[in-house]
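Here the structure comes first, spelled out in structure tokens, and everything after it is commentary.
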Number of protein chains: 2
Amino acid sequence: MSEGDSPDLAELAKRRGFFLQSAGAYGGVSGFYTFGPQGASLKDNIENSWRDRFTLQEGNMEIDAPTIMPEPVFEASGHLDGFDDMLVECPECGESHRADHVVEDNTDYEEAEGLGPERVGEIIEEYELVCPTCGTGLAGQAIEDFNLMFETNIGPGSSSPGYLRPETAQGIFVEFPQLAEYARNQLPFGVTQVGRAYRNEISPRKSLLRVREFTQAELELFIDPEDGEGPDLSSVSDVVAPFYGVDQQEDDDSDPLEITVGEAHERGLVADPWIAYYLGVAAEWYESIGVDMSRFRFRQHLSGERAHYAADCWDAEAEVDGDWIELAGFAYRSDYDLSKHDEYSDEDYTIFKQYDEPVTVERPTVDPDMSALGPEFGGAAGDVADALEALAESDPDAFEDAGEDGSVTVDVDGESHEVPVSQTGFAVEEVTESGEHITPHVVEPSLGIDRALYTVLDHCYREDEVDGEERTFLELPPAVAPTTVGVFPLMDRDGLGEHARDVAADLRERGLSVAYDDSGAIGRRYRRQDEVGTPFCVTVDYATIGEAEDASEGAPGTVTVRERDTTAQRRIPVEEVPATLEALRDGELSFSEL
Amino acid sequence: MSEGDSPDLAELAKRRGFFLQSAGAYGGVSGFYTFGPQGASLKDNIENSWRDRFTLQEGNMEIDAPTIMPEPVFEASGHLDGFDDMLVECPECGESHRADHVVEDNTDYEEAEGLGPERVGEIIEEYELVCPTCGTGLAGQAIEDFNLMFETNIGPGSSSPGYLRPETAQGIFVEFPQLAEYARNQLPFGVTQVGRAYRNEISPRKSLLRVREFTQAELELFIDPEDGEGPDLSSVSDVVAPFYGVDQQEDDDSDPLEITVGEAHERGLVADPWIAYYLGVAAEWYESIGVDMSRFRFRQHLSGERAHYAADCWDAEAEVDGDWIELAGFAYRSDYDLSKHDEYSDEDYTIFKQYDEPVTVERPTVDPDMSALGPEFGGAAGDVADALEALAESDPDAFEDAGEDGSVTVDVDGESHEVPVSQTGFAVEEVTESGEHITPHVVEPSLGIDRALYTVLDHCYREDEVDGEERTFLELPPAVAPTTVGVFPLMDRDGLGEHARDVAADLRERGLSVAYDDSGAIGRRYRRQDEVGTPFCVTVDYATIGEAEDASEGAPGTVTVRERDTTAQRRIPVEEVPATLEALRDGELSFSEL
């Protein structure tokens, strides 16, 4: 059990097939988890729900890039230089620790990462902090920058280093020139990706919350920075959420503001309309997958937390095991990413933005008379011509003021040359321009799927008592539950099994996820489905096949439908099962209406 | 363009957003591709179709394991030692090549990998083979084993090497003890996984067909080797496919046998019934996603191709660009994988198999009288007792024959000791056993998703002529096409755009994938959808809104539905659009019935 785990949840997660530490047979490796059948299905449902909301409904494009990328990409992105954690190694046991965590866990310092390695080293010495593993003093040990990217070599030898991507985003940014083509060069457009990302954490902890391999769902929205209009906020402006702005955080007495997205934007709290829009989308989405909104908030980054290029950044946070953990980040990244790739690569990372109307501008030009300049300046004539062109652009008045009979002075290699204006071919032309090249800005909603899954499990975990027995169940929304319907024959005899299998097949035909179970007492089968969050169960019994001993057992041709959360049961005709269960799953019908 | 690419397809793949070489702005890296919006959607549809057929319909369990696994896993699996290709480096330009490919490409030798590095080196010398890049002779250059796993380090330092998994399978095998629990220890059960796998190819080529990062879909089926019954073949026994057995391959005049799966199994050509079953499932599945079955076959591995532990193995192959490429492998892996992990790890990789009836067996036991043995043998008494136990198990007759008054002889550390039978406590007990521990065997259908996608694009690529103009289109089955319906307003004015957007929204509501396009001439919009394989288009025009100038343009309230393959058009009432298009997609209605 790692620190911070919710013990009951971790035990249930392994026993019921949600997740377990990988390769446990070989002692396991910290930070790597395997999703069992229930977890893989829940994860898949969460991913598809995200895809539906953030890609399809928004008309964004999804791509799928490799997880290994070559070094130049991360030189440009800044990850090669700056994606570090502070490492301190114990001189006695050799264990590696995050130096800032050692400080945070044992002093009153918060956010020790921002203090820098030197100050962290001093604090370790001042407080005489020790190795969390063996208790040996860490004073005087070097605090080193450790790059969090997993490194490997592409092909034989070490001439072509590659890195496992620390975020899916670079796979989008690097292909921007082609993606802009797919978007027919029209801003705004959004590109999404769902896939693995990797961080070689020094000491992973907290179960699924800080792992070395995880799944991200990212949206990179490319916008025109001069387009003040932004998106239509009307569809999300009434969404209420707790907004924990910088001001509220800096005032000890302030709680997050429980206001609508529309108000948060109008007040200027969430300044960028695209950020505001996606905060609204995200709040609705997190609620739809089972996050408890009373344990959820949006928190603005303090100025020290933000990357230097980010104008604003908000995190979605959830309370789990008593801590507030980051579920997602919503950053206004300006033109940082595209400018960097434009600078480092051979490609053009701009968009040609057409003006509404062509614009006519005056453009000074020169057309030097080389037959005169050549004899005069010899080998330097070409440089003189270049200098004239530069001068015309930077200071056209020099030509105008000198007049046709005058001359202008240019410097070439520290030497001044005077050139008659008549030999420069100076002129001011009128040019009509239809548009200009601009570098789009980026708004990035970036979500962690594993953390969403862990939070959903934690927030949906329930314990109650049914018929005097303790029961644990997961109150998962039907839209993400690994199984929608459990189908049981009361017993596997007298044809009940065949009937139940037919019911299961009909439900699968409708696209519902079904678990068929005929083993053990019916109460135990209900509990099994409760524990994995199956919202409904259907039981086929003797009444179903018209062989009930007593009319009180149920009308002929009916089955029992049971609801997980209330354990209430209703009888409905067997032929209505598929349509009824589909309506229950889609929320078009509530159980109490049966 | 890499060798072997189909030029038109590669160009279309990039231009229309199916796939492109990754990080092209930085010169790209061989063997890494990014799926654009169309490709990512096609890939997702193929994966989900596989999941539906091989996981859900079969009642198998899907898991999701990490892509990085620790070294001990690959020590056990054999990948660390044996997952090599033959590497030869050019002494002049330094380029690395696969030595066996250099031989195959320039001599009549086929399958040079099987010849071993020494012989390959000799052939390079005999034939005076040269570097494919610069033409320098390669004679005398060392032929080295190059391990194809990408290596990295987990955590700081190099004490914990990790590898990017070369197949998804190990993530399943290693968790077998827990997975068996989920299956309630009942054989057979199947576990699937869809995810990334990695091979650090020496010189990747052929576009998507030999890449360094790819997606696999694997099923590991755990079966009881003593259960002769196998699966019910009836659902696939009538599936016809070309079977290219060892005998047909070794006889130059033989073609593959075009027979049913049932016949292939009855004849003993496909001996294992589980392999036969999944060949049938796979043939139907490949056809459903758009593979041309006249360019498809099942080929049995020759004895030299098979791993030593594999009793039988068949590949699914498709003809692409004139070559037969491997799409999938179906291997009977015996108990190799589970036995290895059982041997290398601390866990138990067996299943307790209950007998139908408890079995009573006689078991000889000893219960040595230590109060007699102690004084007699001193410090060696314990060893003597152990030796007696071993003797009782290996040769109980020694005790029986000696009789109660006789003695038996045991060797301890090379010394013989005689022990009276009366002091050994020898007895034969009757023990009732309810079952035994067995190591399940594994049947593995393993498919490559990228190769399936490339084959589908190649097999569905069509060129024809429409109204005197050349047209290219993709005849993708509606079930996997990235977009199901293109929706166009004839023009974006007079309210046509609003109407068309409503039609698009209604279709999306039904779960159909829709592309809305209002830009350019209608013919150009049709061509765009043709090129990405959209099977149907719906056009909203003046008749739709009851403002046609002429009744011949169409009845009021109708739209035009157009079929990709024939370019035929029909008018249907706008309110019937969602149900009609859903029925067309699901194959419940054919276009000619409209």
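Following the order of the structure tokens, chains are lettered A, B, ..., residues in each are numbered from 1, and ligands are numbered from 1.
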
Report task. Please run DSSP on the backbone and report, as a list of chain:residue names, all residues within segment 446-552 of chain A that come out as strand (DSSP E or B). Result ->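 Secondary structure check on segment 446-552 of chain A, strand (DSSP E or B): A:Ser446, A:Leu447, A:Gly448, A:Tyr461, A:Arg462, A:Glu463, A:Asp464, A:Glu465, A:Val466, A:Glu469, A:Glu470, A:Arg471, A:Thr472, A:Phe473, A:Leu474, A:Val485, A:Gly486, A:Val487, A:Phe488, A:Pro489, A:Val514, A:Ala515, A:Tyr516, A:Phe536, A:Cys537, A:Val538, A:Thr539, A:Val540.
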
Write out, as a JSON list (two decimals), in the first residue's frame, the residues just selected, with N, CA, C and O atoms.
[["chain", "number", "residue", "atom", "x", "y", "z"],
["A", 446, "SER", "N", -5.99, 20.12, -20.90],
["A", 446, "SER", "CA", -5.20, 18.89, -20.84],
["A", 446, "SER", "C", -5.64, 18.06, -19.63],
["A", 446, "SER", "O", -5.54, 18.51, -18.50],
["A", 447, "LEU", "N", -6.16, 16.87, -19.89],
["A", 447, "LEU", "CA", -6.74, 16.06, -18.81],
["A", 447, "LEU", "C", -5.99, 14.75, -18.62],
["A", 447, "LEU", "O", -5.50, 14.16, -19.58],
["A", 448, "GLY", "N", -5.93, 14.29, -17.39],
["A", 448, "GLY", "CA", -5.37, 12.97, -17.08],
["A", 448, "GLY", "C", -6.49, 11.96, -16.94],
["A", 448, "GLY", "O", -7.41, 12.16, -16.15],
["A", 461, "TYR", "N", -17.55, 5.46, -4.45],
["A", 461, "TYR", "CA", -17.48, 4.34, -3.51],
["A", 461, "TYR", "C", -18.48, 4.55, -2.38],
["A", 461, "TYR", "O", -18.51, 5.59, -1.75],
["A", 462, "ARG", "N", -19.32, 3.57, -2.12],
["A", 462, "ARG", "CA", -20.36, 3.68, -1.09],
["A", 462, "ARG", "C", -20.37, 2.43, -0.21],
["A", 462, "ARG", "O", -20.10, 1.32, -0.70],
["A", 463, "GLU", "N", -20.71, 2.63, 1.03],
["A", 463, "GLU", "CA", -20.96, 1.50, 1.93],
["A", 463, "GLU", "C", -22.32, 1.71, 2.55],
["A", 463, "GLU", "O", -22.66, 2.81, 2.95],
["A", 464, "ASP", "N", -23.14, 0.68, 2.58],
["A", 464, "ASP", "CA", -24.42, 0.79, 3.28],
["A", 464, "ASP", "C", -24.78, -0.58, 3.86],
["A", 464, "ASP", "O", -23.94, -1.48, 3.92],
["A", 465, "GLU", "N", -26.00, -0.69, 4.29],
["A", 465, "GLU", "CA", -26.42, -1.95, 4.89],
["A", 465, "GLU", "C", -27.70, -2.40, 4.19],
["A", 465, "GLU", "O", -28.63, -1.60, 4.01],
["A", 466, "VAL", "N", -27.71, -3.64, 3.74],
["A", 466, "VAL", "CA", -28.89, -4.17, 3.07],
["A", 466, "VAL", "C", -29.30, -5.46, 3.78],
["A", 466, "VAL", "O", -28.48, -6.37, 3.90],
["A", 469, "GLU", "N", -26.97, -6.73, 6.28],
["A", 469, "GLU", "CA", -25.60, -7.05, 5.89],
["A", 469, "GLU", "C", -24.92, -5.83, 5.32],
["A", 469, "GLU", "O", -25.53, -5.06, 4.59],
["A", 470, "GLU", "N", -23.61, -5.71, 5.61],
["A", 470, "GLU", "CA", -22.85, -4.62, 5.01],
["A", 470, "GLU", "C", -22.73, -4.82, 3.51],
["A", 470, "GLU", "O", -22.55, -5.93, 3.04],
["A", 471, "ARG", "N", -22.85, -3.72, 2.80],
["A", 471, "ARG", "CA", -22.71, -3.81, 1.35],
["A", 471, "ARG", "C", -21.78, -2.71, 0.89],
["A", 471, "ARG", "O", -21.84, -1.58, 1.38],
["A", 472, "THR", "N", -20.88, -2.98, -0.06],
["A", 472, "THR", "CA", -20.11, -1.92, -0.70],
["A", 472, "THR", "C", -20.54, -1.89, -2.15],
["A", 472, "THR", "O", -20.78, -2.94, -2.77],
["A", 473, "PHE", "N", -20.70, -0.69, -2.67],
["A", 473, "PHE", "CA", -21.03, -0.59, -4.10],
["A", 473, "PHE", "C", -20.46, 0.67, -4.69],
["A", 473, "PHE", "O", -20.04, 1.59, -3.99],
["A", 474, "LEU", "N", -20.38, 0.68, -6.01],
["A", 474, "LEU", "CA", -19.87, 1.83, -6.75],
["A", 474, "LEU", "C", -21.05, 2.48, -7.46],
["A", 474, "LEU", "O", -21.69, 1.84, -8.30],
["A", 485, "VAL", "N", -25.71, -4.02, -17.53],
["A", 485, "VAL", "CA", -26.73, -4.93, -17.02],
["A", 485, "VAL", "C", -26.13, -6.28, -16.66],
["A", 485, "VAL", "O", -25.43, -6.89, -17.47],
["A", 486, "GLY", "N", -26.43, -6.74, -15.45],
["A", 486, "GLY", "CA", -26.14, -8.12, -15.08],
["A", 486, "GLY", "C", -27.38, -8.95, -15.38],
["A", 486, "GLY", "O", -28.49, -8.55, -15.02],
["A", 487, "VAL", "N", -27.21, -10.09, -16.04],
["A", 487, "VAL", "CA", -28.36, -10.94, -16.35],
["A", 487, "VAL", "C", -28.17, -12.29, -15.68],
["A", 487, "VAL", "O", -27.13, -12.94, -15.87],
["A", 488, "PHE", "N", -29.14, -12.68, -14.87],
["A", 488, "PHE", "CA", -29.02, -13.93, -14.11],
["A", 488, "PHE", "C", -30.24, -14.81, -14.33],
["A", 488, "PHE", "O", -31.37, -14.31, -14.27],
["A", 489, "PRO", "N", -30.05, -16.11, -14.51],
["A", 489, "PRO", "CA", -31.17, -17.03, -14.31],
["A", 489, "PRO", "C", -31.25, -17.32, -12.80],
["A", 489, "PRO", "O", -30.21, -17.40, -12.15],
["A", 514, "VAL", "N", -23.13, -6.32, -21.13],
["A", 514, "VAL", "CA", -23.88, -7.28, -20.33],
["A", 514, "VAL", "C", -22.93, -8.26, -19.64],
["A", 514, "VAL", "O", -21.96, -8.71, -20.25],
["A", 515, "ALA", "N", -23.20, -8.57, -18.37],
["A", 515, "ALA", "CA", -22.50, -9.66, -17.69],
["A", 515, "ALA", "C", -23.51, -10.75, -17.39],
["A", 515, "ALA", "O", -24.53, -10.49, -16.75],
["A", 516, "TYR", "N", -23.23, -11.95, -17.86],
["A", 516, "TYR", "CA", -24.11, -13.09, -17.58],
["A", 516, "TYR", "C", -23.51, -13.86, -16.42],
["A", 516, "TYR", "O", -22.31, -14.13, -16.42],
["A", 536, "PHE", "N", -27.82, -1.92, -13.19],
["A", 536, "PHE", "CA", -29.07, -2.68, -13.23],
["A", 536, "PHE", "C", -28.80, -4.18, -13.37],
["A", 536, "PHE", "O", -27.84, -4.59, -14.01],
["A", 537, "CYS", "N", -29.69, -4.97, -12.78],
["A", 537, "CYS", "CA", -29.64, -6.42, -12.97],
["A", 537, "CYS", "C", -31.02, -6.91, -13.39],
["A", 537, "CYS", "O", -32.04, -6.37, -12.96],
["A", 538, "VAL", "N", -31.03, -7.95, -14.22],
["A", 538, "VAL", "CA", -32.27, -8.56, -14.69],
["A", 538, "VAL", "C", -32.23, -10.04, -14.31],
["A", 538, "VAL", "O", -31.25, -10.73, -14.62],
["A", 539, "THR", "N", -33.25, -10.50, -13.59],
["A", 539, "THR", "CA", -33.29, -11.90, -13.20],
["A", 539, "THR", "C", -34.47, -12.63, -13.86],
["A", 539, "THR", "O", -35.61, -12.15, -13.83],
["A", 540, "VAL", "N", -34.14, -13.75, -14.48],
["A", 540, "VAL", "CA", -35.13, -14.61, -15.13],
["A", 540, "VAL", "C", -35.50, -15.71, -14.15],
["A", 540, "VAL", "O", -34.62, -16.41, -13.64]]

Query raised in the report: Leaving out Asp81 of chain A and any residue of its chain fewer than 5 positions from it, which residues lie within 9 Å of it when counting only C-alpha atoms, given as a PyMOL selection string?
Result: chain A and resi 74-75+147

Report task. Measuring atom to atom with only C-alpha atoms, identify which of A:Glu357, A:Glu95, A:Glu266, A:Asp224 is nearest to chain B. Result -> A:Glu95

Report task. Enumerate as a ChimeraX atom specification the residues belonging to chain A that approach chain B to within 7 Å, with only C-alpha atoms taken into account. Result -> /A:17,23,25-26,32-37,40,61-66,72,150-156,174-175,182,200-202,213,345-347

Requested in this report: List every residue of segment 431-526 of chain A that DSSP, applied to the backbone of this structure, assigns to helix (DSSP H, G or I), and report them as number ranges by chain.
Outcome: A: 449-460, 496-509, 522-526

**Report entry** Selection: 9 Å around Leu257 of chain A, only C-alpha atoms, excl. self and same-chain fewer than 4 positions, as a list in words
**Finding:**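 Within the cut-off, the hits are Ala241, Pro242, Phe243, Tyr244, Gly245, Gln248 and Ala264 of chain A.
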
Requested in this report: Return the single residue from B:Thr424, B:Ala283, B:Ser294, B:Val239 that is closest to Pro256 of chain B, with distances computed using only C-alpha atoms.
Outcome: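 Of all the options, B:Ser294 lies closest to Pro256 of chain B.
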
Please identify all polymer residues within 7 Å of Val88 of chain B, counting only C-alpha atoms, omitting same-chain residues fewer than 2 positions from it, and present them as a short mmCIF file (atom, residue, chain, number, x, y, z; two decimals) with all heavy atoms, in the first residue's frame.
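Final file, out-v8.cif:
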data_model
loop_
_atom_site.label_atom_id
_atom_site.label_comp_id
_atom_site.auth_asym_id
_atom_site.auth_seq_id
_atom_site.Cartn_x
_atom_site.Cartn_y
_atom_site.Cartn_z
N MET B 86 19.95 -9.59 -37.39
CA MET B 86 21.36 -9.57 -37.78
C MET B 86 21.73 -8.20 -38.33
O MET B 86 21.14 -7.73 -39.29
CB MET B 86 21.62 -10.61 -38.84
CG MET B 86 21.81 -11.99 -38.28
SD MET B 86 22.19 -13.12 -39.63
CE MET B 86 20.65 -14.00 -39.71
N CYS B 90 28.13 -0.56 -42.37
CA CYS B 90 29.02 -0.21 -43.49
C CYS B 90 30.28 0.44 -42.95
O CYS B 90 30.20 1.38 -42.16
CB CYS B 90 28.31 0.73 -44.44
SG CYS B 90 29.41 1.36 -45.74
N SER B 96 23.68 1.34 -40.85
CA SER B 96 23.40 -0.02 -40.38
C SER B 96 22.36 -0.69 -41.28
O SER B 96 21.40 -0.05 -41.70
CB SER B 96 22.85 0.02 -38.95
OG SER B 96 23.81 0.52 -38.07
N HIS B 97 22.55 -1.96 -41.55
CA HIS B 97 21.61 -2.70 -42.39
C HIS B 97 21.31 -4.05 -41.76
O HIS B 97 22.12 -4.58 -41.00
CB HIS B 97 22.20 -2.93 -43.79
CG HIS B 97 22.63 -1.68 -44.47
ND1 HIS B 97 21.74 -0.80 -45.04
CD2 HIS B 97 23.86 -1.13 -44.65
CE1 HIS B 97 22.40 0.23 -45.54
NE2 HIS B 97 23.68 0.06 -45.33
N ARG B 98 20.17 -4.60 -42.14
CA ARG B 98 19.90 -5.99 -41.75
C ARG B 98 20.65 -6.89 -42.70
O ARG B 98 20.39 -6.91 -43.91
CB ARG B 98 18.40 -6.28 -41.83
CG ARG B 98 17.72 -6.05 -40.49
CD ARG B 98 16.31 -6.52 -40.50
NE ARG B 98 16.18 -7.97 -40.55
CZ ARG B 98 15.04 -8.61 -40.31
NH1 ARG B 98 13.96 -7.93 -40.00
NH2 ARG B 98 14.99 -9.92 -40.38
N ALA B 99 21.57 -7.65 -42.15
CA ALA B 99 22.44 -8.48 -42.98
C ALA B 99 21.63 -9.49 -43.80
O ALA B 99 21.92 -9.73 -44.98
CB ALA B 99 23.45 -9.20 -42.09
N GLN B 141 32.91 -7.59 -42.73
CA GLN B 141 32.29 -6.84 -41.63
C GLN B 141 31.59 -7.81 -40.67
O GLN B 141 31.00 -8.80 -41.11
CB GLN B 141 31.24 -5.85 -42.16
CG GLN B 141 31.84 -4.64 -42.86
CD GLN B 141 32.75 -3.86 -41.93
OE1 GLN B 141 33.97 -3.90 -42.10
NE2 GLN B 141 32.17 -3.19 -40.95
N ALA B 142 31.68 -7.52 -39.38
CA ALA B 142 31.06 -8.38 -38.38
C ALA B 142 29.54 -8.39 -38.54
O ALA B 142 28.94 -7.35 -38.82
CB ALA B 142 31.42 -7.89 -36.98
N ILE B 143 28.95 -9.57 -38.40
CA ILE B 143 27.49 -9.69 -38.39
C ILE B 143 27.10 -9.83 -36.92
O ILE B 143 27.44 -10.82 -36.26
CB ILE B 143 27.02 -10.95 -39.15
CG1 ILE B 143 27.69 -11.07 -40.52
CG2 ILE B 143 25.49 -10.95 -39.28
CD1 ILE B 143 27.33 -9.99 -41.50
N GLU B 144 26.41 -8.83 -36.38
CA GLU B 144 26.11 -8.83 -34.96
C GLU B 144 24.63 -9.04 -34.66
O GLU B 144 23.78 -8.65 -35.45
CB GLU B 144 26.55 -7.50 -34.32
CG GLU B 144 28.05 -7.44 -34.09
CD GLU B 144 28.52 -6.03 -33.78
OE1 GLU B 144 27.69 -5.22 -33.32
OE2 GLU B 144 29.70 -5.76 -34.02
#
